[in-house]
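Text of model31.csv (CSV, C-alpha atoms) as supplied:
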chain,number,residue,atom,x,y,z
Y,1,MET,CA,0.0,0.0,0.0
Y,2,SER,CA,1.4,3.3,-1.0
Y,3,ALA,CA,1.0,6.4,1.0
Y,4,GLU,CA,-1.2,8.9,-0.7
Y,5,TYR,CA,-1.5,12.5,0.3
Y,6,PRO,CA,-5.1,13.6,0.1
Y,7,ARG,CA,-5.7,15.9,-2.8
Y,8,GLY,CA,-8.5,18.0,-3.9
Y,9,ASN,CA,-9.3,18.9,-0.3
Y,10,GLN,CA,-9.6,22.7,0.0
Y,11,ALA,CA,-8.1,22.8,3.5
Y,12,ASN,CA,-5.0,20.9,2.4
Y,13,ASP,CA,-4.5,23.4,-0.4
Y,14,LEU,CA,-3.9,26.2,2.1
Y,15,PRO,CA,-0.3,27.1,2.7
Y,16,PHE,CA,1.0,25.6,6.0
Y,17,ALA,CA,4.1,25.6,8.0
Y,18,THR,CA,5.8,22.3,8.5
Y,19,GLN,CA,6.4,21.1,12.0
Y,20,THR,CA,7.7,17.8,13.3
Y,21,LEU,CA,5.6,15.7,15.6
Y,22,GLU,CA,7.9,16.5,18.5
Y,23,GLU,CA,7.5,20.2,17.9
Y,24,ALA,CA,3.7,19.8,17.6
Y,25,LEU,CA,3.5,17.9,20.8
Y,26,ALA,CA,5.8,20.3,22.6
Y,27,THR,CA,3.5,23.2,21.8
Y,28,HIS,CA,0.9,21.5,24.0
Y,29,GLY,CA,3.3,20.9,26.8
Y,30,ASP,CA,4.2,23.2,29.6
Y,31,THR,CA,7.9,22.7,29.6
Y,32,ALA,CA,8.5,26.3,28.8
Y,33,THR,CA,6.7,27.5,32.0
Y,34,VAL,CA,7.9,24.9,34.4
Y,35,VAL,CA,9.6,26.5,37.4
Y,36,ASP,CA,12.7,24.7,38.6
Y,37,VAL,CA,11.7,24.0,42.2
Y,38,ASP,CA,15.3,23.2,43.1
Y,39,GLU,CA,16.5,26.7,42.1
Y,40,PRO,CA,17.5,28.4,45.3
Y,41,THR,CA,15.3,31.3,46.2
Y,42,GLN,CA,15.5,34.0,48.9
Y,43,GLN,CA,12.6,35.5,50.7
Y,44,LEU,CA,12.6,39.3,50.5
Y,45,VAL,CA,10.6,41.9,52.4
Y,46,LEU,CA,10.1,44.8,50.0
Y,47,PHE,CA,9.5,48.3,51.2
Y,48,ARG,CA,10.0,51.9,50.5
Y,49,LEU,CA,11.9,54.7,52.1
Y,50,ASN,CA,11.6,58.2,50.7
Y,51,GLY,CA,9.9,56.6,47.7
Y,52,GLN,CA,12.9,54.5,46.9
Y,53,ARG,CA,12.5,50.7,46.8
Y,54,PHE,CA,14.5,48.6,49.2
Y,55,ALA,CA,14.4,45.0,50.5
Y,56,LEU,CA,15.6,43.1,53.6
Y,57,PRO,CA,16.2,39.4,53.7
Y,58,GLY,CA,13.0,37.7,55.0
Y,59,SER,CA,15.2,35.6,57.2
Y,60,ALA,CA,16.2,38.8,59.1
Y,61,VAL,CA,12.6,40.1,59.5
Y,62,SER,CA,10.9,38.4,62.4
Y,63,GLU,CA,7.8,40.5,62.5
Y,64,ILE,CA,6.0,43.3,60.7
Y,65,LEU,CA,4.4,45.6,63.2
Y,66,PRO,CA,1.5,47.9,62.4
Y,67,SER,CA,2.0,51.7,62.1
Y,68,ASP,CA,0.0,52.4,65.2
Y,69,GLN,CA,2.4,50.4,67.4
Y,70,PRO,CA,3.3,52.8,70.2
Y,71,VAL,CA,6.9,54.0,70.2
Y,72,TYR,CA,8.2,55.8,73.2
Y,73,TYR,CA,10.7,58.6,72.7
Y,74,VAL,CA,14.0,58.3,74.5
Y,75,PRO,CA,15.9,61.6,75.0
Y,76,GLY,CA,19.6,61.9,74.4
Y,77,LEU,CA,19.7,59.5,71.5
Y,78,PRO,CA,20.6,60.4,67.9
Y,79,THR,CA,17.8,61.6,65.7
Y,80,SER,CA,17.9,58.3,63.7
Y,81,THR,CA,16.6,56.6,66.9
Y,82,GLU,CA,12.8,57.0,67.1
Y,83,GLY,CA,12.6,55.4,70.5
Y,84,VAL,CA,11.7,52.1,72.0
Y,85,LEU,CA,8.7,49.8,71.7
Y,86,HIS,CA,7.2,47.4,74.2
Y,87,LEU,CA,6.4,44.1,72.6
Y,88,ARG,CA,5.3,41.0,74.6
Y,89,GLY,CA,7.6,41.6,77.6
Y,90,LYS,CA,10.5,43.0,75.7
Y,91,ILE,CA,11.8,46.4,74.9
Y,92,GLU,CA,13.2,46.9,71.4
Y,93,SER,CA,14.8,50.0,69.8
Y,94,VAL,CA,13.2,51.6,66.8
Y,95,ILE,CA,15.5,53.3,64.3
Y,96,SER,CA,15.1,55.1,61.0
Y,97,LEU,CA,17.5,54.2,58.1
Y,98,HIS,CA,17.2,57.6,56.4
Y,99,HIS,CA,20.4,59.1,57.8
Y,100,LEU,CA,22.4,56.0,57.2
Y,101,LEU,CA,21.3,55.7,53.6
Y,102,GLY,CA,21.7,59.3,52.9
Y,103,LEU,CA,18.0,59.9,52.3
Y,104,PRO,CA,16.1,63.0,53.4
Y,105,SER,CA,14.2,62.5,56.6
Y,106,PRO,CA,10.4,62.3,56.2
Y,107,GLU,CA,8.4,65.3,57.2
Y,108,GLY,CA,6.0,65.0,60.1
Y,109,ALA,CA,5.2,62.0,62.3
Y,110,SER,CA,6.2,58.5,61.2
Y,111,LYS,CA,3.3,56.7,59.7
Y,112,GLY,CA,4.7,53.5,58.2
Y,113,MET,CA,5.0,50.0,59.6
Y,114,ILE,CA,7.9,48.8,61.6
Y,115,LEU,CA,10.0,45.8,60.6
Y,116,LEU,CA,11.4,43.9,63.5
Y,117,VAL,CA,14.8,43.0,62.2
Y,118,ARG,CA,17.3,40.6,63.8
Y,119,ALA,CA,20.9,40.5,62.7
Y,120,ALA,CA,24.3,39.8,64.5
Y,121,GLY,CA,22.5,38.9,67.7
Y,122,ILE,CA,20.7,42.3,67.8
Y,123,THR,CA,17.0,42.9,67.4
Y,124,SER,CA,15.6,46.3,66.5
Y,125,GLY,CA,12.6,47.8,64.9
Y,126,VAL,CA,13.2,49.6,61.6
Y,127,ARG,CA,10.6,52.2,60.5
Y,128,ILE,CA,9.6,52.0,56.9
Y,129,GLU,CA,7.3,54.2,54.9
Y,130,GLN,CA,5.5,51.6,52.9
Y,131,LEU,CA,5.4,47.9,52.8
Y,132,ASP,CA,5.3,46.6,49.2
Y,133,ASP,CA,5.5,42.9,49.4
Y,134,VAL,CA,7.0,39.8,50.9
Y,135,CYS,CA,8.1,37.5,48.1
Y,136,GLU,CA,10.4,34.7,47.0
Y,137,VAL,CA,13.0,35.6,44.5
Y,138,ALA,CA,15.4,33.3,42.6
Y,139,GLN,CA,18.8,33.9,43.9
Y,140,ASN,CA,20.2,34.1,40.4
Y,141,LEU,CA,18.2,37.3,39.9
Y,142,LEU,CA,20.1,39.0,42.6
Y,143,GLN,CA,23.1,40.7,41.1
Y,144,ALA,CA,26.1,42.2,42.8
Y,145,PRO,CA,25.7,45.9,43.5
Y,146,PRO,CA,27.0,47.9,40.5
Y,147,GLU,CA,29.8,50.4,40.7
Y,148,THR,CA,27.3,53.2,39.9
Y,149,LEU,CA,25.5,52.7,43.2
Y,150,PRO,CA,25.6,55.9,45.2
Y,151,SER,CA,28.5,55.8,47.7
Y,152,THR,CA,26.0,56.4,50.6
Y,153,LEU,CA,24.3,53.2,49.8
Y,154,ARG,CA,27.2,51.0,48.8
Y,155,PRO,CA,28.2,49.9,52.3
Y,156,TYR,CA,24.7,48.6,53.1
Y,157,VAL,CA,23.6,47.0,49.8
Y,158,SER,CA,24.4,43.3,49.4
Y,159,ALA,CA,22.6,42.8,46.1
Y,160,LEU,CA,20.5,44.5,43.5
Y,161,TRP,CA,17.3,42.9,42.1
Y,162,GLN,CA,16.8,44.4,38.6
Y,163,ILE,CA,13.1,43.9,38.1
Y,164,ASP,CA,13.0,45.5,34.7
Y,165,GLU,CA,14.9,48.2,32.7
Y,166,ARG,CA,13.5,50.9,34.9
Y,167,GLN,CA,13.1,49.4,38.3
Y,168,ALA,CA,15.7,47.9,40.7
Y,169,ILE,CA,15.4,47.1,44.4
Y,170,ALA,CA,18.4,47.3,46.6
Y,171,LEU,CA,18.8,44.4,49.1
Y,172,LEU,CA,20.1,45.8,52.3
Y,173,ASP,CA,22.5,44.0,54.6
Y,174,PRO,CA,21.0,44.3,58.2
Y,175,GLU,CA,24.3,43.4,59.8
Y,176,ALA,CA,26.1,46.3,58.0
Y,177,LEU,CA,23.3,48.7,59.0
Y,178,PHE,CA,23.3,47.8,62.7
Y,179,ASP,CA,27.1,47.8,62.7
Y,180,ALA,CA,27.2,51.3,61.2
Y,181,TYR,CA,24.6,52.5,63.6
Y,182,GLN,CA,26.6,51.2,66.6
Y,183,GLN,CA,29.7,52.9,65.2
Y,184,GLY,CA,27.9,56.2,65.5
Y,185,LEU,CA,26.8,56.6,61.9
Y,186,GLY,CA,23.3,57.6,61.1
D,1,MET,CA,21.5,30.6,104.2
D,2,PRO,CA,19.8,31.0,100.8
D,3,GLN,CA,16.4,32.7,100.8
D,4,HIS,CA,13.8,30.7,99.0
D,5,ARG,CA,10.8,32.4,97.5
D,6,ALA,CA,7.5,30.7,96.9
D,7,PRO,CA,6.8,30.4,93.2
D,8,TYR,CA,3.9,32.8,93.4
D,9,GLU,CA,5.9,35.5,95.1
D,10,GLN,CA,6.8,38.2,92.6
D,11,ALA,CA,10.3,39.7,93.0
D,12,GLN,CA,10.2,43.4,93.5
D,13,VAL,CA,12.8,46.1,93.1
D,14,ALA,CA,12.6,49.4,95.1
D,15,LEU,CA,13.2,52.4,92.9
D,16,VAL,CA,13.3,56.2,93.5
D,17,LEU,CA,11.5,57.9,90.7
D,18,PHE,CA,12.0,61.6,89.7
D,19,HIS,CA,11.9,63.9,86.7
D,20,VAL,CA,14.6,65.2,84.5
D,21,GLY,CA,12.8,67.9,82.5
D,22,PRO,CA,9.6,66.2,81.1
D,23,TYR,CA,11.2,62.8,81.3
D,24,ARG,CA,10.8,60.3,84.1
D,25,VAL,CA,13.9,58.6,85.6
D,26,ALA,CA,14.5,56.1,88.3
D,27,LEU,CA,17.5,54.9,90.4
D,28,GLU,CA,17.6,51.8,92.5
D,29,ALA,CA,16.6,52.8,96.0
D,30,ARG,CA,19.4,50.9,97.7
D,31,HIS,CA,21.9,53.3,96.2
D,32,VAL,CA,20.1,56.3,97.5
D,33,LEU,CA,21.3,56.9,101.0
D,34,ALA,CA,19.2,60.0,101.8
D,35,MET,CA,17.1,62.8,100.4
D,36,ALA,CA,17.5,66.5,101.4
D,37,ASP,CA,16.0,69.9,100.4
D,38,HIS,CA,19.5,71.5,100.2
D,39,PRO,CA,22.9,70.3,99.1
D,40,THR,CA,25.3,69.4,101.8
D,41,ALA,CA,27.9,67.2,100.1
D,42,LEU,CA,31.2,68.5,98.6
D,43,ARG,CA,30.3,67.1,95.2
D,44,THR,CA,26.9,67.8,93.7
D,45,ALA,CA,25.5,67.6,90.2
D,46,ASN,CA,22.1,68.4,88.7
D,47,ALA,CA,20.4,65.5,86.9
D,48,HIS,CA,19.4,68.0,84.3
D,49,SER,CA,23.0,67.9,82.9
D,50,LEU,CA,22.5,64.3,82.0
D,51,LEU,CA,20.2,65.3,79.1
D,52,TYR,CA,20.8,68.9,78.5
D,53,ALA,CA,23.8,71.1,77.7
D,54,ASP,CA,24.8,73.7,80.3
D,55,GLY,CA,21.9,76.0,81.1
D,56,GLU,CA,19.5,74.6,78.5
D,57,HIS,CA,16.0,74.2,80.0
D,58,ASP,CA,17.7,74.5,83.3
D,59,SER,CA,15.6,74.3,86.4
D,60,PRO,CA,16.9,74.4,90.0
D,61,PRO,CA,16.6,71.0,91.7
D,62,SER,CA,13.9,70.7,94.3
D,63,HIS,CA,15.6,67.8,96.1
D,64,TRP,CA,19.0,66.3,96.5
D,65,LEU,CA,19.5,62.6,96.6
D,66,THR,CA,22.6,61.4,98.5
D,67,LEU,CA,24.5,58.7,96.6
D,68,ARG,CA,27.7,56.8,97.5
D,69,ASP,CA,30.6,58.0,95.5
D,70,ALA,CA,31.4,55.1,93.1
D,71,GLN,CA,34.4,57.1,91.8
D,72,LYS,CA,36.1,56.8,95.1
D,73,ALA,CA,37.7,53.6,96.6
D,74,SER,CA,35.2,51.1,97.8
D,75,ASP,CA,36.2,51.4,101.4
D,76,ASP,CA,35.7,55.2,101.2
D,77,ASN,CA,32.4,56.3,102.5
D,78,SER,CA,32.3,59.6,100.7
D,79,THR,CA,29.0,60.6,99.1
D,80,TRP,CA,27.8,63.0,96.5
D,81,GLN,CA,24.4,64.5,95.8
D,82,LEU,CA,22.3,64.5,92.7
D,83,GLY,CA,19.9,67.3,92.3
D,84,VAL,CA,16.5,66.2,91.0
D,85,SER,CA,13.1,67.8,90.5
D,86,GLY,CA,9.4,67.0,90.2
D,87,ASP,CA,7.6,64.5,92.4
D,88,ILE,CA,10.1,62.1,94.0
D,89,THR,CA,8.5,58.8,94.8
D,90,LEU,CA,9.7,55.5,96.2
D,91,GLN,CA,8.1,52.6,94.4
D,92,GLN,CA,8.4,48.8,94.5
D,93,LEU,CA,8.1,47.5,90.9
D,94,PRO,CA,7.9,43.9,89.9
D,95,ALA,CA,11.3,42.8,88.6
D,96,ASN,CA,9.7,41.4,85.4
D,97,THR,CA,8.6,44.8,84.4
D,98,LEU,CA,12.1,46.2,84.4
D,99,TYR,CA,13.6,45.8,80.9
D,100,PRO,CA,17.2,46.0,79.9
D,101,LEU,CA,18.4,48.6,77.4
D,102,PRO,CA,18.2,47.2,73.8
D,103,LYS,CA,21.6,46.1,72.6
D,104,LEU,CA,21.6,48.5,69.6
D,105,LEU,CA,21.4,51.5,71.9
D,106,HIS,CA,24.4,50.7,74.1
D,107,SER,CA,26.9,52.6,72.1
D,108,ARG,CA,24.6,55.6,71.4
D,109,ARG,CA,23.0,56.3,74.8
D,110,PHE,CA,23.6,59.7,76.5
D,111,SER,CA,25.2,58.0,79.5
D,112,THR,CA,26.5,54.6,80.3
D,113,ALA,CA,24.3,54.9,83.4
D,114,LEU,CA,21.2,54.4,81.2
D,115,CYS,CA,20.7,50.6,81.7
D,116,GLY,CA,17.0,50.0,81.0
D,117,PHE,CA,13.4,51.0,81.0
D,118,THR,CA,10.2,50.5,82.8
D,119,PHE,CA,6.7,51.9,82.7
D,120,ASP,CA,4.8,53.8,85.4
D,121,GLN,CA,1.2,54.9,84.6
D,122,GLN,CA,1.9,54.1,81.0
D,123,GLN,CA,4.8,56.5,80.9
D,124,LEU,CA,8.3,55.4,80.0
D,125,VAL,CA,10.8,55.5,82.8
D,126,MET,CA,14.5,55.5,82.2
D,127,LEU,CA,16.4,53.3,84.6
D,128,LEU,CA,19.8,54.6,85.6
D,129,ASP,CA,22.6,52.7,87.3
D,130,ALA,CA,23.6,55.0,90.1
D,131,ARG,CA,27.1,53.5,90.2
D,132,LYS,CA,27.8,54.7,86.7
D,133,LEU,CA,26.5,58.2,87.0
D,134,ASN,CA,29.4,60.5,86.1
D,135,LEU,CA,28.1,64.0,86.0

Once you've parsed the file, please lay out its structure as structure tokens.
Amino acid sequence: MSAEYPRGNQANDLPFATQTLEEALATHGDTATVVDVDEPTQQLVLFRLNGQRFALPGSAVSEILPSDQPVYYVPGLPTSTEGVLHLRGKIESVISLHHLLGLPSPEGASKGMILLVRAAGITSGVRIEQLDDVCEVAQNLLQAPPETLPSTLRPYVSALWQIDERQAIALLDPEALFDAYQQGLG
Amino acid sequence: MPQHRAPYEQAQVALVLFHVGPYRVALEARHVLAMADHPTALRTANAHSLLYADGEHDSPPSHWLTLRDAQKASDDNSTWQLGVSGDITLQQLPANTLYPLPKLLHSRRFSTALCGFTFDQQQLVMLLDARKLNL
């Protein structure tokens, strides 16, 4: 029996692109969208300070406190220290990162949430202006900080997440932040 | 002989509370030897100078707390007086309501004497270690 291509059928007279069976089946598969679950990811807490986007490692943020969490002013501390908060039988400091990161201080009373950050055996609240998201990001998307990063940020940025051509998020190093604060910076 | 407390017995700490400007401050009462209306010791200091530069928001002390001079040898019984203002009260506060200074603030505090915080009538009270006061 010889193979005959059907002729005279209008549909078969239409021009068509040739494709192998493998290719045809592949178009129905979801191999292109499969996420490699073994790819290492990092949880990030995304937030804004002075409108700029920053992140802290999720592993360093133990709690996100509401903006109405009472903070008690302590005199005689640097302006970057907002005060202390009383949380479940513990007193924690609350600091602002604006001075350390070379950002203008916000006008008026602090309104944003407080991230409870733990690094190098130290826990402190960090006031943010806006919480954007808590997400998992593939580690290969986190790039080394570029040389063009402002010098005020460089000591505290461990990686950059380039979301697209216009947006990048600086991943902050909480240990470096606390260390600098203790050394009298900010 | 060791003292044993029943498990329900709450440990208390006696504190002398006073004001420095608008802020409330406390010293452990065992370090306060006496209180007087006028200074009598050779060395005196106004608690105001803990937080404020010379003369700034200055107010004359209403009372003088006599403290053992920690800067002198331990066998020396010399004392000094700390001028304080506002209502001065002696209070017993539960030990578990006295909180240590957060680690991050250790190197930035106005004085190494600042060692913790507590609350009295929902107001923050700064706890000072009288032995480290160096005014």

Q. Given the choices D:Ser85, D:Thr112, D:Gln121, D:Thr44, which gets closest to D:Ser62 if the distance is worked out from only C-alpha atoms?
A.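 When distances to D:Ser62 are compared using only C-alpha atoms, the smallest one comes from D:Ser85.
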
Q: Please return, as a ChimeraX atom specification, all residues of chain Y lying within 12 Å of chain D when only C-alpha atoms are considered.
A: /Y:70-95,117-126,175,177-186

Q | Between atom CA of Y:Thr148 and atom CA of Y:Val134, distance in Å (one decimal) | A |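 Separating atom CA of Y:Thr148 from atom CA of Y:Val134 is a distance of 26.7 Å.
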
Q. Which residues, written as JSON, numbers by chain, have at least one atom at most 12 Å from Y:Glu136, with only C-alpha atoms counted and residues fewer than 4 positions away on the same chain left out?
A. {"Y": [37, 39, 40, 41, 42, 43, 44, 45, 46, 55, 56, 57, 58, 59, 140, 141, 142, 161]}

Q: Please measure the separation of atom CA of D:Gln91 and atom CA of D:Pro39, giving the value in Å to one decimal.
A: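 Pair atom CA of D:Gln91 / atom CA of D:Pro39 returns 23.5 Å.
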
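Of the residues under consideration (Y:Val61, Y:Thr152, Y:Gln69, Y:Gln143), Y:Thr152 shows the shortest atom-to-atom contact distance to Y:His99 when counting all atoms listed in the file.
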
Q) Out of Y:Leu115, Y:Gly102, Y:Asp132, Y:Gln139, which residue has the shortest atom-to-atom distance to Y:Tyr156 when counting all atoms listed in the file? A)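 Looking at the shortest contact to Y:Tyr156, the residue is Y:Gly102.
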
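You can rank D:Ala47, D:Ala113, D:Leu65, D:Ala70 by their closest distance to D:Ile88 using all atoms listed in the file, and at the top of that list sits D:Leu65.
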
Q. With distances taken over all atoms listed in the file, which of Y:Gly51, Y:Pro66, Y:Pro150, Y:Pro155 is nearest to Y:Lys111?
A.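 The closest residue to Y:Lys111 is Y:Pro66.
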
Q: Find the residues around stretch 25-29 of chain D up to 7 Å (only C-alpha atoms counted), leave out those fewer than 5 positions away in its own chain, and share them as a PyMOL selection string.
A: chain D and resi 14-20+125-130
